[in-house]
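Novice: Coordinates in run_23.txt, compact mmCIF, C-alpha atoms, are listed below.
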```txt
# COMPACT_ATOMS: atom_id res chain seq x y z
CA MET Y 1 0.00 0.00 0.00
CA ARG Y 2 1.46 3.39 -1.04
CA VAL Y 3 2.37 5.72 1.82
CA THR Y 4 1.40 9.38 1.33
CA SER Y 5 3.41 12.57 1.91
CA SER Y 6 0.96 13.58 4.63
CA GLU Y 7 1.36 10.23 6.42
CA LEU Y 8 5.14 10.48 6.21
CA TYR Y 9 5.04 14.02 7.57
CA GLN Y 10 2.97 12.94 10.57
CA ARG Y 11 5.56 10.24 11.28
CA ALA Y 12 8.44 12.64 10.66
CA VAL Y 13 7.34 15.33 13.13
CA ARG Y 14 7.51 12.72 15.91
CA VAL Y 15 11.16 11.90 15.28
CA LEU Y 16 12.64 14.85 13.30
CA PRO Y 17 12.54 18.50 14.48
CA GLY Y 18 9.91 20.14 12.30
CA GLY Y 19 9.63 16.88 10.36
CA VAL Y 20 12.72 17.65 8.25
CA ASN Y 21 16.51 17.40 8.41
CA SER Y 22 17.12 20.90 7.01
CA PRO Y 23 14.83 23.92 7.42
CA VAL Y 24 14.73 24.70 3.67
CA ARG Y 25 12.82 21.45 3.09
CA ALA Y 26 9.92 22.58 5.25
CA MET Y 27 7.09 24.36 3.46
CA GLY Y 28 5.35 26.00 6.39
CA GLN Y 29 6.42 29.38 5.02
CA ILE Y 30 4.19 28.82 1.99
CA GLY Y 31 1.36 27.33 4.04
CA ARG Y 32 1.62 23.61 3.36
CA GLU Y 33 3.33 20.40 4.40
CA PRO Y 34 6.61 19.36 2.74
CA VAL Y 35 6.71 17.22 -0.38
CA PHE Y 36 8.22 13.77 0.22
CA VAL Y 37 10.16 12.70 -2.87
CA GLU Y 38 10.31 9.15 -4.17
CA ARG Y 39 12.69 9.65 -7.09
CA GLY Y 40 14.19 12.11 -9.55
CA GLU Y 41 14.43 11.71 -13.32
CA GLY Y 42 16.29 14.28 -15.40
CA CYS Y 43 14.64 17.64 -14.66
CA GLU Y 44 11.68 16.09 -12.84
CA LEU Y 45 10.77 14.91 -9.36
CA VAL Y 46 8.16 12.30 -8.51
CA ASP Y 47 6.71 12.40 -4.98
CA VAL Y 48 5.44 9.47 -2.95
CA ASP Y 49 1.87 10.40 -3.93
CA GLY Y 50 2.74 9.90 -7.60
CA ASN Y 51 2.76 13.61 -8.51
CA ARG Y 52 5.35 14.65 -11.08
CA TYR Y 53 7.01 18.09 -10.99
CA ILE Y 54 9.48 20.05 -13.12
CA ASP Y 55 12.19 20.58 -10.54
CA TRP Y 56 13.79 24.04 -10.22
CA VAL Y 57 15.53 23.28 -6.90
CA GLY Y 58 17.94 20.58 -8.06
CA SER Y 59 18.89 19.62 -4.50
CA TRP Y 60 19.64 23.34 -3.96
CA GLY Y 61 22.29 23.46 -6.67
CA PRO Y 62 24.45 20.33 -6.89
CA LEU Y 63 22.49 18.66 -9.69
CA ILE Y 64 23.65 20.80 -12.58
CA LEU Y 65 23.37 17.71 -14.84
CA GLY Y 66 19.92 16.82 -13.51
CA HIS Y 67 18.67 13.88 -11.47
CA ALA Y 68 20.14 10.37 -11.89
CA HIS Y 69 22.54 11.37 -14.66
CA PRO Y 70 23.89 8.12 -16.17
CA ALA Y 71 27.57 9.14 -16.00
CA VAL Y 72 27.26 10.09 -12.33
CA LEU Y 73 25.34 6.93 -11.41
CA GLU Y 74 27.89 4.78 -13.21
CA ALA Y 75 30.81 6.49 -11.47
CA VAL Y 76 29.23 6.19 -8.02
CA ALA Y 77 28.28 2.53 -8.54
CA ALA Y 78 31.82 1.69 -9.65
CA ALA Y 79 33.29 3.51 -6.66
CA ALA Y 80 30.87 1.85 -4.21
CA ALA Y 81 31.81 -1.57 -5.53
CA ARG Y 82 35.39 -0.88 -4.43
CA GLY Y 83 34.35 0.30 -0.96
CA THR Y 84 32.41 3.24 0.47
CA SER Y 85 35.04 4.80 2.74
CA PHE Y 86 38.63 4.07 3.69
CA GLY Y 87 39.86 6.85 5.97
CA ALA Y 88 42.94 6.83 3.76
CA ALA Y 89 44.12 8.69 0.67
CA THR Y 90 42.75 7.75 -2.76
CA GLU Y 91 43.58 8.59 -6.37
CA ALA Y 92 40.16 10.17 -6.91
CA GLU Y 93 40.89 12.84 -4.27
CA VAL Y 94 43.99 13.87 -6.19
CA GLU Y 95 42.12 13.88 -9.49
CA LEU Y 96 39.30 16.03 -8.10
CA ALA Y 97 41.77 18.51 -6.59
CA GLU Y 98 43.61 18.69 -9.93
CA GLU Y 99 40.31 19.37 -11.68
CA VAL Y 100 39.52 22.21 -9.27
CA VAL Y 101 42.98 23.76 -9.67
CA ALA Y 102 42.67 23.56 -13.46
CA ARG Y 103 39.34 25.42 -13.37
CA VAL Y 104 39.38 27.94 -10.51
CA PRO Y 105 41.66 30.91 -11.29
CA SER Y 106 42.80 31.58 -7.70
CA ALA Y 107 43.29 27.93 -6.67
CA GLU Y 108 46.72 26.32 -6.42
CA MET Y 109 45.86 23.88 -3.62
CA VAL Y 110 42.62 22.38 -2.31
CA ARG Y 111 41.44 20.87 1.00
CA MET Y 112 38.33 18.72 0.81
CA THR Y 113 35.58 18.75 3.45
CA SER Y 114 32.13 17.16 3.65
CA SER Y 115 30.00 20.33 3.75
CA GLY Y 116 30.07 23.97 2.79
CA THR Y 117 29.70 24.92 6.44
CA GLU Y 118 32.95 23.11 7.26
CA ALA Y 119 34.74 24.66 4.30
CA ALA Y 120 33.65 28.22 5.14
CA MET Y 121 34.50 27.79 8.82
CA SER Y 122 37.93 26.40 7.93
CA ALA Y 123 38.66 29.18 5.44
CA VAL Y 124 37.90 31.78 8.12
CA ARG Y 125 40.18 29.96 10.58
CA LEU Y 126 42.97 29.98 8.02
CA ALA Y 127 42.43 33.70 7.34
CA ARG Y 128 42.64 34.50 11.05
CA ALA Y 129 45.84 32.50 11.37
CA ALA Y 130 47.40 34.13 8.29
CA THR Y 131 46.59 37.70 9.35
CA GLY Y 132 46.83 37.43 13.14
CA ARG Y 133 43.46 39.18 13.31
CA GLU Y 134 40.05 38.03 14.52
CA VAL Y 135 37.21 40.09 13.00
CA VAL Y 136 35.27 38.84 9.96
CA VAL Y 137 33.16 41.10 7.75
CA LYS Y 138 30.17 39.56 5.99
CA PHE Y 139 27.13 40.89 4.16
CA ALA Y 140 23.60 41.03 5.55
CA GLY Y 141 21.56 38.19 4.08
CA ALA Y 142 24.58 36.13 3.05
CA TYR Y 143 24.65 32.55 4.32
CA HIS Y 144 28.05 30.94 4.82
CA GLY Y 145 26.96 27.83 6.68
CA HIS Y 146 25.77 27.44 10.24
CA SER Y 147 29.00 27.86 12.22
CA ASP Y 148 28.37 30.24 15.11
CA GLY Y 149 30.10 33.38 13.84
CA MET Y 150 28.60 33.13 10.37
CA LEU Y 151 24.96 33.01 11.53
CA ALA Y 152 24.88 36.75 12.20
CA ASP Y 153 22.15 38.33 10.04
CA ALA Y 154 22.19 35.38 7.64
CA GLY Y 155 19.78 34.88 4.76
CA SER Y 156 18.35 31.75 3.16
CA GLY Y 157 16.75 29.41 5.71
CA LEU Y 158 17.13 31.84 8.60
CA ALA Y 159 15.41 34.58 6.63
CA THR Y 160 12.66 32.22 5.51
CA LEU Y 161 11.92 31.33 9.11
CA ALA Y 162 12.30 34.98 10.24
CA ILE Y 163 15.17 34.12 12.60
CA PRO Y 164 17.76 36.96 12.68
CA GLY Y 165 20.48 34.85 14.28
CA SER Y 166 20.28 31.82 16.51
CA PRO Y 167 20.04 31.08 20.22
CA GLY Y 168 23.14 29.20 21.34
CA VAL Y 169 25.52 31.56 19.54
CA THR Y 170 27.65 33.27 22.18
CA ALA Y 171 28.03 37.04 22.40
CA ALA Y 172 31.76 36.62 21.85
CA GLN Y 173 31.21 34.71 18.60
CA ALA Y 174 28.70 37.27 17.34
CA ALA Y 175 31.01 40.14 18.28
CA GLY Y 176 33.69 38.76 15.99
CA THR Y 177 31.46 39.26 12.94
CA VAL Y 178 30.70 42.68 11.44
CA VAL Y 179 27.71 42.77 9.09
CA VAL Y 180 27.36 45.34 6.30
CA PRO Y 181 24.82 45.77 3.48
CA TRP Y 182 25.52 44.09 0.12
CA ASN Y 183 26.61 46.47 -2.65
CA ASP Y 184 27.37 49.25 -0.11
CA ARG Y 185 30.91 50.54 -0.69
CA ALA Y 186 30.80 53.12 2.10
CA ALA Y 187 29.80 50.51 4.70
CA VAL Y 188 32.59 48.19 3.58
CA THR Y 189 35.16 50.97 3.75
CA GLN Y 190 34.01 51.93 7.23
CA ALA Y 191 34.09 48.34 8.53
CA LEU Y 192 37.57 47.71 7.16
CA GLY Y 193 38.79 50.99 8.63
CA GLU Y 194 37.35 50.54 12.11
CA HIS Y 195 38.13 46.89 12.84
CA PRO Y 196 41.16 44.54 12.73
CA VAL Y 197 39.65 42.48 9.92
CA ALA Y 198 41.04 39.03 9.12
CA ALA Y 199 38.68 38.33 6.23
CA LEU Y 200 35.85 39.79 4.24
CA VAL Y 201 33.61 36.89 3.18
CA ALA Y 202 31.27 37.35 0.24
CA GLU Y 203 29.11 35.39 -2.16
CA PRO Y 204 30.20 37.02 -5.44
CA VAL Y 205 26.58 36.64 -6.53
CA ALA Y 206 24.44 36.90 -3.41
CA ALA Y 207 22.33 33.78 -3.85
CA ASN Y 208 21.03 33.29 -0.31
CA MET Y 209 18.79 36.36 -0.41
CA GLY Y 210 17.46 35.31 -3.78
CA VAL Y 211 19.84 36.08 -6.65
CA VAL Y 212 21.31 39.58 -6.14
CA PRO Y 213 24.24 40.25 -8.49
CA PRO Y 214 27.07 42.59 -7.51
CA ALA Y 215 26.76 46.20 -8.62
CA GLU Y 216 29.04 47.22 -11.48
CA GLY Y 217 32.64 47.13 -10.22
CA PHE Y 218 31.70 46.08 -6.69
CA LEU Y 219 33.76 42.87 -6.63
CA GLY Y 220 36.80 44.73 -7.94
CA PHE Y 221 36.28 47.30 -5.20
CA LEU Y 222 36.22 44.50 -2.58
CA ARG Y 223 39.51 43.18 -3.96
CA GLU Y 224 41.20 46.57 -3.72
CA ALA Y 225 39.71 47.47 -0.34
CA THR Y 226 40.81 44.24 1.35
CA VAL Y 227 44.34 44.54 -0.04
CA ASP Y 228 44.55 48.10 1.31
CA ALA Y 229 43.26 46.98 4.71
CA GLY Y 230 45.57 43.95 4.96
CA ALA Y 231 42.57 41.60 5.11
CA LEU Y 232 41.93 38.49 3.04
CA LEU Y 233 39.09 38.34 0.52
CA VAL Y 234 37.16 35.06 0.71
CA PHE Y 235 34.67 34.20 -2.01
CA ASP Y 236 31.97 31.76 -0.96
CA GLU Y 237 31.35 30.01 -4.27
CA VAL Y 238 29.37 27.12 -2.82
CA ILE Y 239 26.51 28.10 -5.13
CA THR Y 240 28.30 29.92 -7.97
CA GLY Y 241 31.30 27.60 -8.23
CA PHE Y 242 31.30 25.58 -11.50
CA ARG Y 243 27.77 26.91 -12.18
CA VAL Y 244 27.93 30.48 -13.46
CA ALA Y 245 31.12 29.68 -15.40
CA ARG Y 246 33.77 26.96 -15.68
CA GLY Y 247 35.88 28.74 -13.06
CA GLY Y 248 32.98 30.15 -11.08
CA ALA Y 249 32.04 33.77 -10.47
CA GLN Y 250 35.69 34.79 -10.09
CA GLN Y 251 36.21 33.83 -13.72
CA LEU Y 252 32.92 35.38 -14.84
CA TYR Y 253 33.70 38.73 -13.19
CA GLY Y 254 37.49 38.62 -13.50
CA VAL Y 255 38.20 39.12 -9.79
CA GLU Y 256 40.40 36.66 -7.84
CA PRO Y 257 39.97 36.22 -4.07
CA ASP Y 258 42.59 35.03 -1.60
CA LEU Y 259 40.53 31.97 -0.62
CA THR Y 260 37.57 30.24 -2.26
CA VAL Y 261 34.89 28.11 -0.61
CA LEU Y 262 33.35 25.46 -2.87
CA GLY Y 263 30.45 23.04 -2.51
CA LYS Y 264 27.33 21.64 -4.19
CA VAL Y 265 28.42 21.02 -7.82
CA ILE Y 266 31.84 19.78 -6.62
CA GLY Y 267 30.11 16.73 -5.09
CA GLY Y 268 27.72 16.02 -7.96
CA GLY Y 269 24.85 15.43 -5.53
CA LEU Y 270 26.83 13.70 -2.77
CA PRO Y 271 28.20 15.42 0.36
CA ALA Y 272 31.42 17.19 -0.63
CA ALA Y 273 32.92 20.66 -0.36
CA ALA Y 274 36.34 22.27 -0.32
CA TYR Y 275 38.31 25.43 0.25
CA ALA Y 276 41.10 26.46 -2.05
CA GLY Y 277 43.73 29.14 -2.52
CA PRO Y 278 47.36 29.90 -3.28
CA ARG Y 279 50.05 27.50 -2.11
CA ALA Y 280 51.52 29.95 0.41
CA LEU Y 281 48.22 30.13 2.29
CA MET Y 282 47.08 26.54 1.90
CA GLU Y 283 50.37 25.11 3.18
CA ARG Y 284 49.53 26.62 6.56
CA ILE Y 285 46.96 23.79 6.92
CA ALA Y 286 47.92 20.67 8.89
CA PRO Y 287 49.81 18.47 8.34
CA SER Y 288 51.89 20.88 6.22
CA GLY Y 289 51.41 23.72 8.68
CA ASP Y 290 49.99 24.68 12.06
CA VAL Y 291 46.32 25.43 11.24
CA TYR Y 292 44.38 22.32 12.19
CA GLN Y 293 41.41 20.98 10.26
CA ALA Y 294 40.37 17.38 9.67
CA GLY Y 295 37.42 15.24 8.56
CA THR Y 296 36.83 11.50 8.71
CA LEU Y 297 34.81 11.47 5.48
CA SER Y 298 36.59 14.31 3.66
CA GLY Y 299 37.32 13.26 0.08
CA ASN Y 300 34.90 10.34 0.39
CA PRO Y 301 35.37 8.03 -2.64
CA LEU Y 302 31.69 8.08 -3.63
CA ALA Y 303 31.50 11.87 -3.43
CA THR Y 304 34.73 12.38 -5.34
CA ALA Y 305 33.52 9.98 -8.04
CA ALA Y 306 30.25 11.90 -8.41
CA GLY Y 307 32.07 15.22 -8.42
CA LEU Y 308 34.59 14.15 -11.04
CA ALA Y 309 31.88 12.74 -13.32
CA THR Y 310 29.95 16.00 -13.02
CA LEU Y 311 32.87 18.33 -13.65
CA ARG Y 312 34.08 16.27 -16.63
CA ALA Y 313 30.67 16.74 -18.25
CA LEU Y 314 30.87 20.52 -17.85
CA ASP Y 315 32.72 21.58 -20.98
CA ALA Y 316 32.43 24.80 -22.99
CA ALA Y 317 29.36 23.53 -24.86
CA ALA Y 318 27.66 22.67 -21.57
CA TYR Y 319 28.15 26.19 -20.20
CA GLU Y 320 26.93 27.74 -23.45
CA ARG Y 321 23.83 25.56 -23.25
CA LEU Y 322 23.24 26.41 -19.57
CA ALA Y 323 23.53 30.14 -20.26
CA GLY Y 324 21.08 29.82 -23.17
CA LEU Y 325 18.53 27.94 -21.10
CA THR Y 326 18.81 30.49 -18.29
CA GLU Y 327 18.33 33.37 -20.74
CA ARG Y 328 15.25 31.72 -22.27
CA PHE Y 329 13.70 31.20 -18.83
CA ALA Y 330 14.68 34.67 -17.57
CA SER Y 331 13.30 36.34 -20.72
CA GLY Y 332 10.00 34.52 -20.34
CA LEU Y 333 9.67 35.48 -16.67
CA THR Y 334 10.61 39.09 -17.47
CA SER Y 335 7.76 39.21 -19.99
CA LEU Y 336 5.35 37.81 -17.42
CA ALA Y 337 6.57 40.37 -14.87
CA GLU Y 338 5.91 43.36 -17.12
CA GLY Y 339 3.40 45.71 -15.55
CA ARG Y 340 3.37 43.74 -12.31
CA PRO Y 341 5.10 44.30 -8.95
CA LEU Y 342 7.82 41.79 -9.86
CA GLN Y 343 11.58 41.93 -10.39
CA LEU Y 344 13.73 39.31 -12.12
CA ALA Y 345 17.41 38.83 -11.26
CA SER Y 346 19.62 36.20 -12.87
CA ALA Y 347 23.11 34.85 -13.51
CA PRO Y 348 24.01 31.81 -15.64
CA GLY Y 349 22.29 28.80 -14.08
CA LEU Y 350 20.52 30.93 -11.42
CA LEU Y 351 17.52 33.24 -11.16
CA THR Y 352 14.96 34.62 -8.73
CA LEU Y 353 11.58 36.28 -9.28
CA PHE Y 354 11.13 38.86 -6.51
CA PHE Y 355 7.65 40.02 -5.52
CA SER Y 356 8.75 43.63 -5.27
CA GLU Y 357 7.88 47.01 -6.81
CA ALA Y 358 11.56 48.05 -6.94
CA PRO Y 359 14.77 46.28 -8.00
CA VAL Y 360 16.35 44.20 -5.23
CA THR Y 361 19.96 45.20 -4.59
CA ASP Y 362 20.46 44.08 -0.98
CA PHE Y 363 18.94 42.06 1.86
CA ALA Y 364 16.76 44.90 3.15
CA ALA Y 365 15.07 45.10 -0.25
CA ALA Y 366 14.69 41.31 -0.40
CA THR Y 367 12.99 41.16 2.99
CA ALA Y 368 10.62 43.95 1.92
CA CYS Y 369 9.16 41.70 -0.79
CA ASP Y 370 5.54 40.53 -0.65
CA LEU Y 371 6.10 37.14 0.99
CA GLU Y 372 2.40 36.29 1.07
CA ALA Y 373 2.11 36.72 -2.69
CA HIS Y 374 5.24 34.63 -3.13
CA ALA Y 375 3.71 31.87 -0.98
CA ARG Y 376 0.53 31.89 -3.08
CA PHE Y 377 2.66 31.72 -6.22
CA CYS Y 378 4.56 28.67 -4.94
CA ARG Y 379 1.39 26.83 -3.92
CA ALA Y 380 -0.13 27.53 -7.32
CA LEU Y 381 2.98 26.28 -9.14
CA LEU Y 382 3.06 23.06 -7.12
CA SER Y 383 -0.58 22.42 -8.00
CA ARG Y 384 0.41 22.76 -11.68
CA GLY Y 385 3.34 20.35 -11.54
CA VAL Y 386 6.20 22.82 -11.02
CA TYR Y 387 8.51 22.54 -7.99
CA PRO Y 388 9.93 26.00 -7.10
CA PRO Y 389 12.18 26.95 -4.17
CA PRO Y 390 9.59 27.45 -1.38
CA SER Y 391 11.32 30.64 -0.19
CA GLN Y 392 11.65 34.14 -1.60
CA PHE Y 393 15.28 34.08 -0.43
CA GLU Y 394 16.44 31.11 -2.49
CA ALA Y 395 17.57 30.76 -6.09
CA TRP Y 396 15.92 28.79 -8.87
CA PHE Y 397 18.53 26.41 -10.27
CA VAL Y 398 18.64 25.76 -14.01
CA SER Y 399 20.19 22.43 -15.00
CA LEU Y 400 21.38 20.88 -18.23
CA ALA Y 401 18.53 18.37 -17.90
CA HIS Y 402 16.00 21.16 -18.41
CA ASP Y 403 15.07 21.73 -22.02
CA GLU Y 404 13.04 24.28 -23.96
CA ALA Y 405 9.86 22.25 -23.47
CA ALA Y 406 10.31 22.18 -19.66
CA ILE Y 407 10.93 25.93 -19.64
CA ASP Y 408 7.88 26.64 -21.78
CA ARG Y 409 5.67 24.42 -19.59
CA THR Y 410 6.98 26.23 -16.51
CA LEU Y 411 6.31 29.65 -18.06
CA GLU Y 412 2.74 28.64 -18.87
CA ALA Y 413 2.23 27.47 -15.27
CA ALA Y 414 3.95 30.61 -13.96
CA GLY Y 415 1.62 32.88 -15.94
CA GLU Y 416 -1.44 31.19 -14.49
CA SER Y 417 0.09 31.09 -11.01
CA LEU Y 418 0.94 34.81 -11.09
CA GLU Y 419 -2.66 35.62 -11.97
CA GLU Y 420 -3.71 33.60 -8.93
CA ALA Y 421 -1.04 35.02 -6.60
CA LEU Y 422 -1.58 38.69 -7.49
CA ARG Y 423 -5.36 38.59 -7.83
```
Let's see the structure in the file written out as structure tokens.

Specialist:
Amino acid sequence: MRVTSSELYQRAVRVLPGGVNSPVRAMGQIGREPVFVERGEGCELVDVDGNRYIDWVGSWGPLILGHAHPAVLEAVAAAAARGTSFGAATEAEVELAEEVVARVPSAEMVRMTSSGTEAAMSAVRLARAATGREVVVKFAGAYHGHSDGMLADAGSGLATLAIPGSPGVTAAQAAGTVVVPWNDRAAVTQALGEHPVAALVAEPVAANMGVVPPAEGFLGFLREATVDAGALLVFDEVITGFRVARGGAQQLYGVEPDLTVLGKVIGGGLPAAAYAGPRALMERIAPSGDVYQAGTLSGNPLATAAGLATLRALDAAAYERLAGLTERFASGLTSLAEGRPLQLASAPGLLTLFFSEAPVTDFAAATACDLEAHARFCRALLSRGVYPPPSQFEAWFVSLAHDEAAIDRTLEAAGESLEEALR
């Protein structure tokens, strides 16, 4: 007998906080229970109730090739047949690191972790060790994982749940983080001038408050300002890495950071992340140097196999195709938004439709959006077989498994759903 999503949710809330293992999976913010997925096929999800959806979440970014891609499945199956974990070095770890170094402009060495949170936390630790300073500057609405210091004024799941920080974070941890508005040069200059800053951490495309691109020249300004202040520039490319371009946003915008945090696509749908940078910095990490960081499952053979299979499929033609698909989708949504209180922001492989009268350039503008209308829009899309990010503060992820037909079907559903949401 088939179990239903509702039945699973009732079981889940008894044994899982909120019935989920990550807040972004909950759908209370759009007024419904979460969808329980049975399987994914290409650009589609099938839930346990038998409903089929065009998926624009893509596991929140890793599945740039789509669900159950044959090359990824084959690589993972072959790796699993040899053993799932060794706690020892493997050839695949070296190959994946070589692939990252070949792609990411600022990377000469790589350290693998199992999550973006670990990678961001470790990059900050390395920056503090390298500079002898303690303060970190971040942008309001940017999410760099859930380590204590990085939860200050974070976006994404925290914003969706209307939680400004988190109980359990000490005052000392919070005091070590200075938060400034995205795209605000004056605020950055002031923060760097007033504090002994070890690192300025930024998503080069702010994708945890929706998709909010940098203002013209802003990333170049961050590069110059951190050099002048003696601080390190850390790009969190967990979302943008290997998605917006072969070498990530730093290649797309032509600005190289001191350290780069990577995740999502690097694991091809399995838990993997990394931080990378120049040899002189990275050799400070144990066992080469004195900055300690470790992980039992770092460089896991299944995750490295999935990551390698994914990156090897991402050639120049793949990125051209991804950019074309994104442009087709963005153009269609822009047409639907005309004359309505809606704003569209996009980068290759990413976009967000904001329910706002004015363009969204920072977190304050994102949080001023009409969240009730967005919730109605999401419910209407789900009823029409489209699975959107159930949060105004998350990106829609375009994959190479989407095609023109999937985009056109989504645009048709979006037009009807907007009529319903804005009625």

Novice: Extract, using only C-alpha atoms, all DNA, RNA and protein residues at most 12 Å from Met282 of chain Y, discarding same-chain residues fewer than 2 positions from it, and format them as a ChimeraX atom specification.

Specialist: /Y:106-112,122-123,125-127,129-130,258-260,274-280,284-293

Novice: So what do you get for atom CA of Ala303 of chain Y versus atom CA of Leu270 of chain Y, distance-wise?

Specialist: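 We find that atom CA of Ala303 of chain Y and atom CA of Leu270 of chain Y lie 5.1 Å from each other.
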
Novice: Give me, please, the distance in Å between atom CA of Ala119 of chain Y and atom CA of Ala316 of chain Y, quoted to one decimal.

Specialist: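 We find that atom CA of Ala119 of chain Y and atom CA of Ala316 of chain Y lie 27.4 Å from each other.
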
Novice: Tell me which protein, DNA and RNA residues are within 12 Å of Glu416 of chain Y, counting only C-alpha atoms, leaving out same-chain ones fewer than 2 positions away, and put them as a ChimeraX atom specification.

Specialist: /Y:336,376-384,386,409-414,418-423

Novice: Choose the residue, out of Y:Ser331, Y:Ser399, Y:Thr304, Y:Thr113, that has the smallest atom-to-atom separation from Val94 of chain Y; count all atoms listed in the file.

Specialist: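 That would be Y:Thr304, the residue with the smallest distance to Val94 of chain Y.
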
Novice: For the atom pair atom CA of Cys369 of chain Y and atom CA of Asn208 of chain Y, what is the interatomic distance in Å to one decimal place?

Specialist: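 Computed distance, atom CA of Cys369 of chain Y to atom CA of Asn208 of chain Y, equals 14.6 Å.
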